[in-house]
file protein.txt (compact mmCIF, C-alpha atoms)
# COMPACT_ATOMS: atom_id res chain seq x y z
CA MET A 213 21.35 26.57 -21.59
CA ASP A 214 23.05 23.28 -22.15
CA GLU A 215 23.02 22.35 -25.80
CA ARG A 216 22.95 18.56 -25.34
CA LYS A 217 19.89 16.95 -26.81
CA ARG A 218 17.06 16.44 -24.37
CA ALA A 219 14.07 14.20 -25.01
CA PRO A 220 11.10 16.47 -25.69
CA PRO A 221 8.92 16.75 -22.59
CA ARG A 222 5.96 14.42 -22.55
CA SER A 223 2.96 16.58 -21.65
CA ARG A 224 1.92 16.56 -17.95
CA ARG A 225 4.45 13.81 -17.30
CA PHE A 226 5.11 14.99 -13.75
CA ALA A 227 1.73 16.41 -12.79
CA TYR A 228 0.99 13.33 -10.63
CA GLU A 229 -2.70 14.09 -10.73
CA GLY A 230 -3.48 10.80 -8.97
CA LEU A 231 -1.98 12.20 -5.74
CA ASP A 232 -5.38 12.87 -4.18
CA ARG A 233 -5.01 15.91 -1.91
CA VAL A 234 -7.31 14.45 0.76
CA ILE A 235 -4.86 11.56 1.19
CA HIS A 236 -1.58 13.32 0.32
CA GLU A 237 -1.57 15.65 3.34
CA ARG A 238 1.15 14.23 5.60
CA ALA A 239 -0.90 13.66 8.75
CA ARG A 240 -3.74 12.04 6.80
CA LEU A 241 -1.27 9.84 4.92
CA GLY A 242 -0.02 8.63 8.30
CA LEU A 243 -3.55 8.08 9.58
CA LEU A 244 -4.57 6.00 6.58
CA SER A 245 -1.31 4.03 6.74
CA SER A 246 -2.00 3.24 10.40
CA LEU A 247 -5.58 2.22 9.68
CA ILE A 248 -4.82 0.03 6.67
CA ALA A 249 -2.24 -1.77 8.83
CA ASN A 250 -4.90 -2.25 11.53
CA PRO A 251 -8.09 -3.09 9.64
CA LYS A 252 -9.93 -4.02 12.85
CA GLY A 253 -9.64 -0.40 13.92
CA LEU A 254 -7.57 1.76 16.25
CA ARG A 255 -8.54 3.78 19.27
CA PHE A 256 -8.23 7.57 19.18
CA ALA A 257 -5.33 7.44 21.69
CA GLU A 258 -3.44 4.86 19.63
CA LEU A 259 -3.79 6.88 16.43
CA LYS A 260 -2.66 10.00 18.22
CA GLN A 261 0.52 8.26 19.35
CA LEU A 262 1.24 6.39 16.11
CA CYS A 263 0.91 9.56 14.02
CA ALA A 264 2.39 11.93 16.63
CA LEU A 265 -0.63 14.24 16.46
CA THR A 266 -2.27 16.52 18.99
CA ASP A 267 -5.92 15.95 19.93
CA GLY A 268 -6.96 18.93 17.83
CA ASN A 269 -5.04 17.92 14.73
CA LEU A 270 -6.18 14.33 14.97
CA SER A 271 -9.85 15.40 15.22
CA ARG A 272 -9.53 17.82 12.34
CA HIS A 273 -7.87 15.32 9.99
CA LEU A 274 -10.25 12.51 10.95
CA GLN A 275 -13.14 14.82 10.12
CA VAL A 276 -11.74 15.38 6.62
CA LEU A 277 -11.26 11.64 6.11
CA GLN A 278 -14.72 10.87 7.49
CA ALA A 279 -16.35 13.50 5.25
CA ALA A 280 -14.67 11.83 2.25
CA ARG A 281 -15.97 8.48 3.57
CA LEU A 282 -12.46 7.06 3.78
CA VAL A 283 -12.74 6.25 7.49
CA GLU A 284 -15.58 5.52 9.87
CA ILE A 285 -15.63 6.44 13.51
CA SER A 286 -17.62 4.65 16.16
CA LYS A 287 -18.07 5.58 19.77
CA GLY A 288 -18.64 2.92 22.35
CA PHE A 289 -17.62 1.70 25.77
CA GLU A 290 -14.85 -0.64 26.83
CA HIS A 291 -14.64 -1.61 30.50
CA LYS A 292 -17.19 1.13 31.16
CA ARG A 293 -14.89 3.78 29.68
CA PRO A 294 -15.88 5.64 26.51
CA GLN A 295 -13.77 4.70 23.48
CA THR A 296 -13.60 6.21 20.02
CA VAL A 297 -12.56 3.66 17.42
CA CYS A 298 -11.57 4.52 13.84
CA ARG A 299 -11.56 2.11 10.94
CA ILE A 300 -10.67 2.45 7.28
CA THR A 301 -13.67 1.87 4.98
CA ALA A 302 -13.60 -0.33 1.87
CA ARG A 303 -13.68 2.89 -0.17
CA GLY A 304 -10.80 4.29 1.89
CA ARG A 305 -8.75 1.15 1.35
CA LYS A 306 -9.29 1.29 -2.42
CA ARG A 307 -8.55 5.02 -2.68
CA PHE A 308 -5.46 4.66 -0.51
CA LEU A 309 -4.07 1.82 -2.62
CA ASP A 310 -4.74 3.82 -5.81
CA TYR A 311 -2.84 6.70 -4.23
CA VAL A 312 0.05 4.42 -3.27
CA SER A 313 0.35 3.23 -6.88
CA VAL A 314 1.00 6.87 -7.91
CA LEU A 315 3.64 7.15 -5.16
CA GLU A 316 5.28 4.10 -6.72
CA GLN A 317 5.49 6.03 -9.98
CA VAL A 318 7.17 8.96 -8.17
CA ILE A 319 9.79 6.58 -6.76
CA LEU A 320 10.26 4.87 -10.10
CA ASP A 321 10.79 8.25 -11.78
CA ALA A 322 13.38 9.24 -9.16
CA ALA A 323 15.17 5.90 -9.49
CA THR A 324 15.21 6.22 -13.29
CA ALA A 325 16.67 9.72 -13.01
CA VAL A 326 19.41 8.63 -10.62
CA LYS A 327 20.23 5.64 -12.84
CA ALA A 328 20.39 7.79 -15.98
CA GLU A 329 22.70 10.24 -14.26
CA SER A 330 25.02 7.48 -13.00
CA ALA A 331 25.05 5.94 -16.46
CA GLY A 332 25.91 9.36 -17.88
CA ILE A 333 28.84 9.69 -15.53
CA ALA A 334 29.93 6.09 -16.19
CA GLY A 335 29.65 6.73 -19.94
CA ALA A 336 31.85 9.83 -19.88
CA PRO A 337 35.16 9.50 -21.73
CA PRO A 338 37.86 8.29 -19.36
CA PRO A 339 40.80 10.57 -18.68
CA THR A 340 43.50 10.12 -21.29
CA LEU A 341 46.25 7.88 -20.06
CA ALA A 342 49.81 8.46 -21.20
CA ARG A 343 50.92 5.35 -23.04
CA THR A 344 54.30 4.02 -22.11
CA MET B 203 -13.94 -3.26 19.63
CA ASP B 204 -12.52 -6.38 18.15
CA GLU B 205 -11.01 -8.55 20.85
CA ARG B 206 -8.33 -10.20 18.70
CA LYS B 207 -4.82 -9.51 19.88
CA ARG B 208 -3.14 -6.57 18.22
CA ALA B 209 0.55 -5.82 18.36
CA PRO B 210 1.04 -2.81 20.66
CA PRO B 211 1.56 0.36 18.62
CA ARG B 212 5.18 1.34 18.18
CA SER B 213 5.37 5.02 19.11
CA ARG B 214 5.22 7.51 16.21
CA ARG B 215 5.41 4.58 13.79
CA PHE B 216 3.31 6.38 11.16
CA ALA B 217 4.27 10.00 11.77
CA TYR B 218 6.51 9.99 8.66
CA GLU B 219 8.38 13.00 9.95
CA GLY B 220 10.86 12.73 7.06
CA LEU B 221 8.16 13.85 4.62
CA ASP B 222 9.52 17.39 4.38
CA ARG B 223 6.57 19.73 3.76
CA VAL B 224 8.53 21.89 1.33
CA ILE B 225 8.91 18.87 -0.95
CA HIS B 226 5.71 16.97 -0.12
CA GLU B 227 3.34 19.57 -1.61
CA ARG B 228 2.09 17.93 -4.81
CA ALA B 229 3.14 20.61 -7.32
CA ARG B 230 6.60 20.92 -5.77
CA LEU B 231 6.99 17.15 -5.75
CA GLY B 232 6.30 17.20 -9.49
CA LEU B 233 8.72 20.10 -10.04
CA LEU B 234 11.56 18.38 -8.22
CA SER B 235 10.83 15.09 -10.03
CA SER B 236 11.02 16.92 -13.36
CA LEU B 237 14.25 18.65 -12.41
CA ILE B 238 16.03 15.59 -11.05
CA ALA B 239 15.17 13.83 -14.32
CA ASN B 240 16.64 16.77 -16.24
CA PRO B 241 19.75 17.78 -14.30
CA LYS B 242 20.88 20.15 -17.06
CA GLY B 243 17.83 22.28 -16.36
CA LEU B 244 14.40 22.95 -17.79
CA ARG B 245 12.88 26.08 -19.20
CA PHE B 246 9.94 27.72 -17.43
CA ALA B 247 7.59 26.74 -20.28
CA GLU B 248 8.71 23.10 -20.16
CA LEU B 249 8.19 22.87 -16.40
CA LYS B 250 4.78 24.46 -16.74
CA GLN B 251 3.73 21.81 -19.22
CA LEU B 252 5.34 18.82 -17.49
CA CYS B 253 3.73 19.68 -14.16
CA ALA B 254 0.46 21.04 -15.60
CA LEU B 255 0.78 24.30 -13.68
CA THR B 256 -0.37 27.83 -14.41
CA ASP B 257 2.20 30.64 -14.66
CA GLY B 258 1.18 31.91 -11.24
CA ASN B 259 1.37 28.55 -9.50
CA LEU B 260 4.67 27.70 -11.13
CA SER B 261 6.23 31.01 -10.00
CA ARG B 262 4.90 30.63 -6.49
CA HIS B 263 6.16 27.08 -6.02
CA LEU B 264 9.54 27.83 -7.62
CA GLN B 265 9.94 30.71 -5.17
CA VAL B 266 9.40 28.33 -2.25
CA LEU B 267 11.93 25.86 -3.68
CA GLN B 268 14.41 28.62 -4.42
CA ALA B 269 14.08 30.08 -0.91
CA ALA B 270 14.88 26.61 0.47
CA ARG B 271 17.86 26.49 -1.93
CA LEU B 272 16.55 23.32 -3.57
CA VAL B 273 16.47 24.86 -7.04
CA GLU B 274 18.33 27.66 -8.77
CA ILE B 275 16.85 29.88 -11.43
CA SER B 276 18.84 31.65 -14.10
CA LYS B 277 17.64 34.14 -16.64
CA GLY B 278 19.35 34.41 -19.95
CA PHE B 279 18.81 34.70 -23.68
CA GLU B 280 18.45 32.00 -26.31
CA HIS B 281 18.17 33.09 -29.96
CA LYS B 282 17.69 36.65 -28.65
CA ARG B 283 14.62 35.61 -26.64
CA PRO B 284 14.64 35.76 -22.84
CA GLN B 285 14.65 32.34 -21.19
CA THR B 286 14.24 31.33 -17.56
CA VAL B 287 16.00 28.08 -16.78
CA CYS B 288 15.54 26.11 -13.56
CA ARG B 289 17.93 23.52 -12.17
CA ILE B 290 17.94 21.34 -9.11
CA THR B 291 20.83 22.13 -6.75
CA ALA B 292 23.10 19.51 -5.12
CA ARG B 293 21.27 20.25 -1.87
CA GLY B 294 17.91 19.83 -3.62
CA ARG B 295 18.97 16.50 -5.08
CA LYS B 296 20.07 15.18 -1.68
CA ARG B 297 16.95 16.41 0.11
CA PHE B 298 14.70 15.02 -2.60
CA LEU B 299 16.34 11.59 -2.44
CA ASP B 300 16.03 11.59 1.38
CA TYR B 301 12.36 12.41 0.94
CA VAL B 302 11.91 9.61 -1.60
CA SER B 303 13.39 7.11 0.85
CA VAL B 304 10.56 8.00 3.29
CA LEU B 305 8.03 7.50 0.49
CA GLU B 306 9.52 4.05 0.01
CA GLN B 307 8.71 3.33 3.67
CA VAL B 308 5.08 4.46 3.10
CA ILE B 309 4.79 2.01 0.20
CA LEU B 310 6.48 -0.76 2.14
CA ASP B 311 4.05 -0.23 5.04
CA ALA B 312 1.06 -0.37 2.68
CA ALA B 313 2.39 -3.50 0.98
CA THR B 314 2.99 -5.16 4.37
CA ALA B 315 -0.57 -4.32 5.45
CA VAL B 316 -2.09 -5.73 2.27
CA LYS B 317 0.03 -8.88 2.56
CA ALA B 318 -0.92 -9.40 6.21
CA GLU B 319 -4.58 -9.01 5.37
CA SER B 320 -4.39 -11.47 2.47
CA ALA B 321 -2.54 -13.93 4.68
CA GLY B 322 -5.27 -13.52 7.29
CA ILE B 323 -7.95 -14.30 4.72
CA ALA B 324 -5.94 -17.20 3.33
CA GLY B 325 -5.45 -18.51 6.86
CA ALA B 326 -9.17 -18.52 7.69
CA PRO B 327 -10.67 -21.94 8.29
CA PRO B 328 -12.01 -23.38 5.04
CA PRO B 329 -15.73 -24.08 4.79
CA THR B 330 -16.58 -27.49 6.18
CA LEU B 331 -16.98 -30.04 3.43
CA ALA B 332 -19.49 -32.84 3.84
CA ARG B 333 -17.57 -36.09 3.65
CA THR B 334 -19.02 -38.73 1.43

call {"tool": "encode", "arguments": {"input": "protein.txt", "output": "C-alpha cells"}}
result
Amino acid sequence: MDERKRAPPRSRRFAYEGLDRVIHERARLGLLSSLIANPKGLRFAELKQLCALTDGNLSRHLQVLQAARLVEISKGFEHKRPQTVCRITARGRKRFLDYVSVLEQVILDAATAVKAESAGIAGAPPPTLART
Amino acid sequence: MDERKRAPPRSRRFAYEGLDRVIHERARLGLLSSLIANPKGLRFAELKQLCALTDGNLSRHLQVLQAARLVEISKGFEHKRPQTVCRITARGRKRFLDYVSVLEQVILDAATAVKAESAGIAGAPPPTLART
C-alpha cells in the first residue's frame, strides 16, 4: 500500500446513482439520443439503421422505453404503406437530459483525475543536473 | 408523420459502438472512475463505500474488470490486518479514457439537439402585433 496521503473518500462519491438503468443501457441510450435529435419522430426503419439494431432488439428496447413513458409509438400510413413512428415524450426528454447531466459528472471526474495525475508528474522533482 | 424536411439519417450515427459493455455497466463505471482518480490504489472497503456496493456486487464486478485486465488486485497486510488493494492497470486507464471520449460524443449530440430545438423555437414567427 502506498503510504502517500490520500484524501479520505467522500461517501458514495462514485456511485453515480443518477445513471438511470432504463436509459443507461447502450441501445436505449442510442435510441433516446436519436429521438431527442429528431423531436418530430423517426420511423422504425430509420431508428434501426441509426442505432444499428436488429428488428427484435429494436422492438424490445422500444417496449422498455414505452413502458417507462419515455417514448410514444404511433402506427399510421404513409403513401398507403404502414409506418411506425417513434417520438420522445416530454417526460423522456427531461429524464434523458437529467441522465446526461450525470454523464457530464463522469467526464468531469475523469478529466480531473487525468489532470491531477499530469500535475503530479509535472510536480515531481527534476533529475539532478551536474553543475559545471 | 411530420412533413418538414429532415436530414437523411447518417448510418449507425447513434450506435455508440465504442461504449464498451465491460466498462459501461453502471457499477463498473463507478469502480473505474474511483480507481483512475486514485492511481495508487484503493482498499476493498474504500471502493465499497465510494461506489455504494455490497460485498457481493463489488467482488463480482471486480472479477469482470480483472478478467478483462482493466484492474489488478493485490492482497497484503497492513498493521497485521489483511488488506485487498485494487488498482487500475495501464490498459484499464487507456480503455477507460477511450470509453469516456465516446461519452463526450453522447453529451455533444444531446447538446446539439437541445440547441437545434431552441433555435427552432427562437426562429418561429413572432405573434402578429396589431399596429397602432

call {"tool": "interface_residues", "arguments": {"input": "protein.txt", "of": "chain B", "to": "chain A", "cutoff": "7 Å", "atoms": "all atoms listed in the file", "output": "ChimeraX atom specification"}}
result
/B:204,211-218,232,235-236,238-239,242,248,251-254,302,309,312,315

call {"tool": "residues_around", "arguments": {"input": "protein.txt", "residues": "Asp267 in chain A", "least_positions_apart": "3", "cutoff": "9 Å", "atoms": "all atoms listed in the file", "output": "mmCIF file with C-alpha atoms, in the coordinates of the input"}}
result
data_model
loop_
_atom_site.group_PDB
_atom_site.id
_atom_site.type_symbol
_atom_site.label_atom_id
_atom_site.label_comp_id
_atom_site.auth_asym_id
_atom_site.auth_seq_id
_atom_site.Cartn_x
_atom_site.Cartn_y
_atom_site.Cartn_z
ATOM 1 C CA PHE A 256 -8.230 7.570 19.180
ATOM 2 C CA ALA A 257 -5.330 7.440 21.690
ATOM 3 C CA LYS A 260 -2.660 10.000 18.220
ATOM 4 C CA LEU A 270 -6.180 14.330 14.970
ATOM 5 C CA SER A 271 -9.850 15.400 15.220
ATOM 6 C CA ARG A 272 -9.530 17.820 12.340
#

call {"tool": "residues_around", "arguments": {"input": "protein.txt", "residues": "Ala280 in chain A", "least_positions_apart": "4", "cutoff": "10 Å", "atoms": "all atoms listed in the file", "output": "MDAnalysis selection string"}}
result
chainID A and resid 234:235 274:276 284 303:304

call {"tool": "write_last_selection", "arguments": {"input": "protein.txt", "atoms": "C-alpha atoms", "output": "PDB file, in the coordinates of the input"}}
result
ATOM      1  CA  VAL A 234      -7.310  14.450   0.760  1.00  0.00           C
ATOM      2  CA  ILE A 235      -4.860  11.560   1.190  1.00  0.00           C
ATOM      3  CA  LEU A 274     -10.250  12.510  10.950  1.00  0.00           C
ATOM      4  CA  GLN A 275     -13.140  14.820  10.120  1.00  0.00           C
ATOM      5  CA  VAL A 276     -11.740  15.380   6.620  1.00  0.00           C
ATOM      6  CA  GLU A 284     -15.580   5.520   9.870  1.00  0.00           C
ATOM      7  CA  ARG A 303     -13.680   2.890  -0.170  1.00  0.00           C
ATOM      8  CA  GLY A 304     -10.800   4.290   1.890  1.00  0.00           C
TER       9      GLY A 304
END

call {"tool": "atom_distance", "arguments": {"input": "protein.txt", "atom1": "CA of Pro294 in chain A", "atom2": "CA of Asn269 in chain A"}}
result
20.2 Å

call {"tool": "axis_aligned_box", "arguments": {"input": "protein.txt", "around": "range 249-260 of chain A", "padding_each_side": "3 Å", "output": "lines of an AutoDock Vina configuration file"}}
result
center_x = -6.1
center_y = 3.0
center_z = 15.3
size_x = 13.7
size_y = 20.0
size_z = 18.9

call {"tool": "atom_distance", "arguments": {"input": "protein.txt", "atom1": "CA of Leu272 in chain B", "atom2": "CA of Ile290 in chain B"}}
result
6.0 Å

call {"tool": "atom_distance", "arguments": {"input": "protein.txt", "atom1": "CA of Gly332 in chain A", "atom2": "CA of Ala269 in chain B"}}
result
29.3 Å
